[in-house]
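Asks: The structure is given below, and queries will be raised subsequently.
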Amino acid sequence: MKKYLQLFKNYLGTMLEYRANLVGIIILELISIGEVLILWIAIFRSENEIRGFTFGATLLYYLIVPLIGFITQVDISSKRSQEIRSGELSKYLLKPYNLWLDSLAEMIARKIHTLVLILPIYLIIIVTYSKLLPSSEFKFYNILLALAFASGGFLLHFIMDLFISWLAFWVTDVWSFRHFKYILFSVFGGLSFPFDLLPANIRTIFENLPFKYFYYVPISYFSGSRNIQENILSDLAGILLWLLIFFISGLILWKKGIKKYEAFGN
C-alpha cells in the first residue's frame with residue numbers, strides 16, 4: 001500500500017505544476033454552462049414549469065453539472081492506449097506494482113487537485129443560489145448521497161475507461177471509442193438534460209443504463225428531487241452490478257491483451 005501512496009503523492013505533485021490549465025478548464029466550463037442557462041432563460045419566459053421542473057430547479061441542475069463532472073470524468077484511455085501502441089507499456093510491466101492501481105492513484109490525484117481549487121467556487125455559487133431563491137433547502141444527507149454516488153460514478157467511469165484502454169491491444173486507435181463514450185454520456189448520462197423532462201417510457205430506458213451514474217443520479221440526490229426511499233437500494237445495486245460487469249470484462253481484455261502484446265527496441 002505504501003508504494004501506491006507514494007505514487008499518489010508523485011502524481012499530485014505533478015498536477016500542482018499545471019494550475020493554469022485547470023483555470024482554463026474552469027473558465028470554459030462556466031462559459032458552456034452560461035450558454036445553456038441563456039437557452040433555458042429564453043424557454044422559461046413563456047413557461048412557468050416544464051414537466052414539473054421550475055426555472056429554479058433547472059438552474060440548480062445545470063449549476064451542479066460541472067461540479068459532478070469534475071468528480072466523475074476520467075480520461076486514462078488516451079494515455080494507456082498510446083503506451084500500448086508505442087511499446088511504453090513494457091516499463092510498467094517490469095515494475096513491482098499493479099498498473100490498474102497505478103492508474104487509479106493518478107486519477108485520484110487529479111480529482112483532489114481539481115476539487116481543492118473548485119470547491120470554494122461552488123460554495124460561493126450555492127450560497128448565492130440559496131440567497132436568491134430562499135425556498136431552496138440543501139440537506140446535509142442529500143449532499144453526502146450525491147458525493148457518494150458521484151464517487152461511485154468515478155469508479156465506474158474509471159473501470160470503463162480502462163476497458164477502452166485495453167482495446168488498443170487489437171485496434172490501432174481507440175479515439176473513436178472514447179468519442180462515442182462522451183456522446184453516450186451527454187445523451188444518456190444526464191449531462192445535456194435531466195431525465196425528468198423525458199416521457200415515462202423513454203425515461204425507463206435511460207434509467208436502466210449505466211451512464212445515469214455519471215451525472216443524473218448524483219445531481220438528483222443533491223437537489224433532493226430523487227426519492228431516497230424508492231431509489232436508494234436499486235441505485236446501489238445497479239452501480240455495483242455495472243462495476244462488476246465492466247471490471248470482469250476489462251480483466252478479461254487485459255489478460256488476453258497481455259498475451260498478445262509485443263514491444264520492440266530499447
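Chain labels run A, B, ... following the order of the C-alpha cells; each chain numbers its residues from 1, and ligands are numbered from 1 in the order shown.
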Please list as a PyMOL selection string every residue within 12 Å of Ala200 in chain A, counting only C-alpha atoms and excluding residues in the same chain fewer than 6 positions away.
Replies: chain A and resi 51+206-207
Asks: Once you have the residues from the selection above, write them out as a PDB file, in the first residue's frame, restricted to C-alpha atoms.
Replies:
```pdb
ATOM      1  CA  ARG A  51     -42.855  18.578 -16.650  1.00  0.00           C
ATOM      2  CA  PHE A 206     -32.335   5.789 -19.662  1.00  0.00           C
ATOM      3  CA  GLU A 207     -32.744   4.618 -16.053  1.00  0.00           C
TER       4      GLU A 207
END
```
Asks: Mind checking DSSP for range 44-262 of chain A and telling me the alpha helix (DSSP H) residues as a count of residues only?
Replies: 158
Asks: Of the residues A:Val187, A:Leu67, A:Val171, A:Leu198, which is the one nearest to Ile50 in chain A, using only C-alpha atoms?
Replies: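 Ranking A:Val187, A:Leu67, A:Val171, A:Leu198 by distance to Ile50 in chain A, first place goes to A:Leu198.
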Asks: Tell me, as JSON, numbers by chain, which residues lie within 12 Å of Phe140 in chain A, counting only C-alpha atoms; anything in the same chain fewer than 4 positions away does not count.
Replies: {"A": [144, 145, 146, 147, 221, 222, 223, 224]}
Asks: Counting only C-alpha atoms, which residues in range 146-241 of chain A sit no more than 9 Å from range 99-123 of chain A? For each one, give the nearest pair of atoms and the distance in Å, sorted by chain then residue number, as JSON lines.
Replies:
```
{"residue": "A:Leu155", "atom": "CA", "partner": "A:Leu104", "partner_atom": "CA", "distance": 8.7}
{"residue": "A:Phe158", "atom": "CA", "partner": "A:Leu104", "partner_atom": "CA", "distance": 7.6}
{"residue": "A:Leu162", "atom": "CA", "partner": "A:Trp100", "partner_atom": "CA", "distance": 8.1}
```
Asks: Take the selection from the previous step and output its residues with N, CA and C atoms, as a compact mmCIF listing (two decimals), in the first residue's frame.
Replies:
```txt
# COMPACT_ATOMS: atom_id res chain seq x y z
N LEU A 155 -15.59 5.72 -10.06
CA LEU A 155 -15.01 4.37 -10.14
C LEU A 155 -15.53 3.62 -11.37
N PHE A 158 -13.91 5.05 -14.38
CA PHE A 158 -12.51 4.63 -14.40
C PHE A 158 -12.37 3.22 -14.97
N LEU A 162 -10.64 2.13 -18.55
CA LEU A 162 -9.59 1.12 -18.68
C LEU A 162 -10.00 0.04 -19.67
```
Asks: Pick out the closest residue to Tyr182 in chain A from this set: A:Val74, A:Leu241, A:Ile202, A:Ile248. Count only C-alpha atoms.
Replies: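 The answer is A:Val74, which sits nearest to Tyr182 in chain A.
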